[in-house]
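Below is one structure, written out as structure tokens; comments come after it.
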Amino acid sequence: MTAALLDTFGRVATDLRVSLTDKCNLRCTYCMPAEGLPWLPSAELLTDDEIVRLVGVAVSLGVRTVRLTGGEPLIRPGLPGLVARLADLAELSLTTNGLGLTRLAQPLADAGLRRVNVSLDSLRADRFLALTRRDRLDEVIAGMAAAAAAGLTPVKVNTVLMRGVNDDEAGELLEWCLERGYELRFIEQMPLDPQHAWDRSSMVTADEVLERLTARHTLTPVERGSAPAEVWLVDGGPARVGVVGSVSRPFCGACDRIRLTADGQLRNCLFAREESDLRTALRAGATDAELAVRMQAAVRAKKAGHGIDDPDFLQPDRPMSAIGG
């Protein structure tokens, strides 16, 4: 199988995000309620063998990079073993909240993981507790150091700024990352919360982030390609900072990403309201060729853009933790 995952707008999917679980050991206020969410039953989750098989089919169709997400992927049992199998198929990275990295960074690196992105929205312990409902900031910071020591570099840090909550930390977070050799990514808050309470007025835009950063640093743009982040050299480099302006500066025209949920649904867009059920087909005995046809059909149906600015825009039924970041 060599046919690409091509949509009707000429975009080719080469990057696959694979959610390993919908569960998480934090309760970030913009992601889920304090009591958590109704988790998927274990029987509905893809097994390691099923994930490896579906990733293999995607790779046969041109996928080159795979990012493991959640929920929180580090809580999936036996993760280093799964990583070792997937690393034989594609270049592999992982997005995490950082809890567990002190224990798993080296085993994951040894298994073939290349890089990690760690979510961190505040450097202040009281604010981290308020945002995540867990007093574990020191563990996250230690996990980043463990990832760097294990060679999972550059360690990238994902930060969501919220107006009146942590938007005063933009400069502080950048300085902190620069001192440690981490690469900071500011991400606009997106309408993917389970409460459907997202409000554009509370979102700190990419332009606002850049205004704050350029007040203290000289930023030189780097060629973007199809990456979700716009990237700048900081004060001439080599340090870099990125901004993912999914809402105010959408990059849909160059999007090369698709997503596989923990229960085996293929999504052609983070904001899609339709999914392609690969798990049921796989468990019913579908061949690799039949699964490939399903993947290609799902990608062909991809829309031109996420439509957040459309008057009739509706959030996906699933929240971010269930879709996979």
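Convention: chains lettered A, B, ... in structure tokens order; per-chain residue numbering from 1; ligands numbered from 1 as shown.
If you count only C-alpha atoms and ignore residues fewer than 5 places along the chain from Ala254 of chain A, what sits within 9 Å of it is Arg11, Val12, Gly225, Ser226, Ala227 and Pro228 of chain A.
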Who sits within 9 Å of His217 of chain A, only C-alpha atoms, same chain under 2 positions skipped, as an MDAnalysis selection string: chainID A and resid 213:215 219 234:235
Polymer residues at most 12 Å from segment 129-139 of chain A, only C-alpha atoms, same-chain spacing of 5 or more positions, as a VMD selection string: chain A and resid 24 to 36 97 to 103 118 to 124 144 to 146 160 to 162 165 to 166
Using only C-alpha atoms: which of A:Arg17, A:Arg240, A:Arg294, A:Arg249 has the shortest distance to Leu61 of chain A: A:Arg294
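Using only C-alpha atoms, the residues found no farther than 12 Å from Gly78 of chain A, other than those of its own chain fewer than 6 positions away, are Leu20, Thr47, Asp48, Ala84, Arg85, Leu104, Pro107, Leu108 and Ala111 of chain A.
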Please produce a file of those selected residues containing N, CA and C atoms, as a PDB file, in the first residue's frame.
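Here's the written file result.pdb:
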ATOM      1  N   LEU A  20      -3.609   7.210  23.969  1.00  0.00           N
ATOM      2  CA  LEU A  20      -3.444   5.910  24.623  1.00  0.00           C
ATOM      3  C   LEU A  20      -4.447   5.690  25.749  1.00  0.00           C
ATOM      4  N   THR A  47      -6.082  -2.295  22.288  1.00  0.00           N
ATOM      5  CA  THR A  47      -4.976  -3.009  22.913  1.00  0.00           C
ATOM      6  C   THR A  47      -3.665  -2.568  22.260  1.00  0.00           C
ATOM      7  N   ASP A  48      -2.548  -2.961  22.863  1.00  0.00           N
ATOM      8  CA  ASP A  48      -1.249  -2.637  22.256  1.00  0.00           C
ATOM      9  C   ASP A  48      -1.170  -3.196  20.847  1.00  0.00           C
ATOM     10  N   ALA A  84       8.513   0.767  22.187  1.00  0.00           N
ATOM     11  CA  ALA A  84       9.538   0.028  21.438  1.00  0.00           C
ATOM     12  C   ALA A  84       8.966  -0.521  20.132  1.00  0.00           C
ATOM     13  N   ARG A  85       7.739  -1.002  20.170  1.00  0.00           N
ATOM     14  CA  ARG A  85       7.129  -1.555  18.962  1.00  0.00           C
ATOM     15  C   ARG A  85       6.794  -0.449  17.958  1.00  0.00           C
ATOM     16  N   LEU A 104       9.987   7.225  34.135  1.00  0.00           N
ATOM     17  CA  LEU A 104       9.838   6.627  32.806  1.00  0.00           C
ATOM     18  C   LEU A 104      10.693   7.251  31.709  1.00  0.00           C
ATOM     19  N   PRO A 107      13.602   4.787  30.533  1.00  0.00           N
ATOM     20  CA  PRO A 107      13.081   3.607  29.829  1.00  0.00           C
ATOM     21  C   PRO A 107      12.423   3.943  28.493  1.00  0.00           C
ATOM     22  N   LEU A 108      11.727   5.072  28.410  1.00  0.00           N
ATOM     23  CA  LEU A 108      11.099   5.454  27.144  1.00  0.00           C
ATOM     24  C   LEU A 108      12.139   5.843  26.104  1.00  0.00           C
ATOM     25  N   ALA A 111      13.642   2.828  24.756  1.00  0.00           N
ATOM     26  CA  ALA A 111      12.718   2.106  23.880  1.00  0.00           C
ATOM     27  C   ALA A 111      12.591   2.741  22.502  1.00  0.00           C
TER      28      ALA A 111
END
Expected answer as JSON, numbers by chain: alpha helix (DSSP H) residues in segment 19-239 of chain A: {"A": [48, 49, 50, 51, 52, 53, 54, 55, 56, 57, 58, 59, 60, 79, 80, 81, 82, 83, 84, 85, 86, 87, 101, 102, 103, 104, 105, 106, 107, 108, 109, 110, 111, 125, 126, 127, 128, 129, 130, 131, 132, 137, 138, 139, 140, 141, 142, 143, 144, 145, 146, 147, 148, 149, 170, 171, 172, 173, 174, 175, 176, 177, 178, 179, 180, 206, 207, 208, 209, 210, 211, 212, 213, 214]}
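Among the candidates A:Arg64, A:Met295, A:Thr21, A:Lys303, the residue lying nearest to Pro41 of chain A is A:Thr21 (atoms considered: only C-alpha atoms).
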Within 6 Å of Lys302 of chain A using only C-alpha atoms, minus same-chain residues under 2 positions, as a list in words: Asn268, Val299 and Arg300 of chain A
Dump N, CA and C atoms for the selected residues as an mmCIF file, in the first residue's frame?
data_model
loop_
_atom_site.group_PDB
_atom_site.id
_atom_site.type_symbol
_atom_site.label_atom_id
_atom_site.label_comp_id
_atom_site.auth_asym_id
_atom_site.auth_seq_id
_atom_site.Cartn_x
_atom_site.Cartn_y
_atom_site.Cartn_z
ATOM 1 N N ASN A 268 -10.287 13.274 11.474
ATOM 2 C CA ASN A 268 -9.465 13.990 10.490
ATOM 3 C C ASN A 268 -9.183 15.435 10.896
ATOM 4 N N VAL A 299 -9.979 10.631 5.669
ATOM 5 C CA VAL A 299 -9.155 11.793 5.352
ATOM 6 C C VAL A 299 -9.747 12.572 4.189
ATOM 7 N N ARG A 300 -10.300 11.889 3.210
ATOM 8 C CA ARG A 300 -10.919 12.591 2.073
ATOM 9 C C ARG A 300 -12.051 13.501 2.532
#
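Counting from atom CA of Arg279 of chain A, the distance to atom CA of Pro77 of chain A is 20.0 Å.
All residues of protein, DNA or RNA that reach within 9 Å of Glu223 of chain A, judged by only C-alpha atoms and not counting those fewer than 4 positions away in the chain, are A:Glu230, A:Val231, A:Trp232.
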Segment 89-179 of chain A: residues DSSP assigns to strand (DSSP E or B), reported as a list in words: Glu91, Leu92, Ser93, Leu94, Thr95, Thr96, Arg115, Val116, Asn117, Val118, Ser119, Lys156, Val157, Asn158, Thr159 and Met162 of chain A
Would you write out those residues with N, CA and C atoms, as a tab-separated table (two decimals), in the first residue's frame?
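And here's again_27.tsv as it stands now:
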chain	number	residue	atom	x	y	z
A	91	GLU	N	8.86	7.80	13.47
A	91	GLU	CA	9.48	8.69	14.45
A	91	GLU	C	8.45	9.02	15.52
A	92	LEU	N	8.85	8.87	16.78
A	92	LEU	CA	7.90	8.85	17.88
A	92	LEU	C	8.18	9.94	18.90
A	93	SER	N	7.12	10.69	19.28
A	93	SER	CA	7.21	11.67	20.35
A	93	SER	C	5.99	11.49	21.25
A	94	LEU	N	5.94	12.27	22.35
A	94	LEU	CA	4.88	12.06	23.34
A	94	LEU	C	4.56	13.38	24.03
A	95	THR	N	3.27	13.62	24.26
A	95	THR	CA	2.82	14.78	25.02
A	95	THR	C	2.33	14.32	26.38
A	96	THR	N	2.79	14.98	27.45
A	96	THR	CA	2.52	14.52	28.80
A	96	THR	C	2.38	15.69	29.76
A	115	ARG	N	11.24	12.49	21.60
A	115	ARG	CA	11.03	13.79	22.24
A	115	ARG	C	9.79	13.76	23.11
A	116	VAL	N	9.71	14.74	24.03
A	116	VAL	CA	8.49	14.93	24.82
A	116	VAL	C	8.08	16.40	24.80
A	117	ASN	N	6.78	16.62	24.87
A	117	ASN	CA	6.19	17.92	25.15
A	117	ASN	C	5.54	17.82	26.52
A	118	VAL	N	5.87	18.74	27.41
A	118	VAL	CA	5.34	18.70	28.77
A	118	VAL	C	4.45	19.92	28.99
A	119	SER	N	3.25	19.70	29.46
A	119	SER	CA	2.31	20.80	29.72
A	119	SER	C	2.64	21.44	31.06
A	156	LYS	N	10.11	20.20	25.04
A	156	LYS	CA	9.21	21.30	24.70
A	156	LYS	C	8.18	21.46	25.81
A	157	VAL	N	7.86	22.70	26.11
A	157	VAL	CA	6.93	23.03	27.19
A	157	VAL	C	5.70	23.68	26.59
A	158	ASN	N	4.53	23.10	26.82
A	158	ASN	CA	3.27	23.62	26.31
A	158	ASN	C	2.57	24.44	27.38
A	159	THR	N	2.26	25.69	27.07
A	159	THR	CA	1.61	26.58	28.03
A	159	THR	C	0.36	27.20	27.42
A	162	MET	N	-4.30	32.11	30.19
A	162	MET	CA	-5.71	32.47	30.38
A	162	MET	C	-5.77	33.85	31.02
Shell around Val59 of chain A at 12 Å using only C-alpha atoms, local window under 2 positions removed, as a VMD selection string: chain A and resid 1 to 5 13 to 16 52 to 57 61 to 66 86 to 91 288 292 295
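Separating atom CA of Glu188 of chain A from atom CA of Val243 of chain A is a distance of 8.0 Å.
When atom CA of Asp49 of chain A is paired with atom CA of Ala297 of chain A, their separation reads 23.2 Å.
Using only C-alpha atoms, the shortest contact distance between Gly253 of chain A and any of A:Pro80, A:Gly236, A:Gly305, A:Pro154 is found at A:Gly305.
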Top pick for closest residue to Leu79 of chain A, considering A:Val155, A:Leu282, A:Leu174, A:Ala105 and counting only C-alpha atoms: A:Ala105
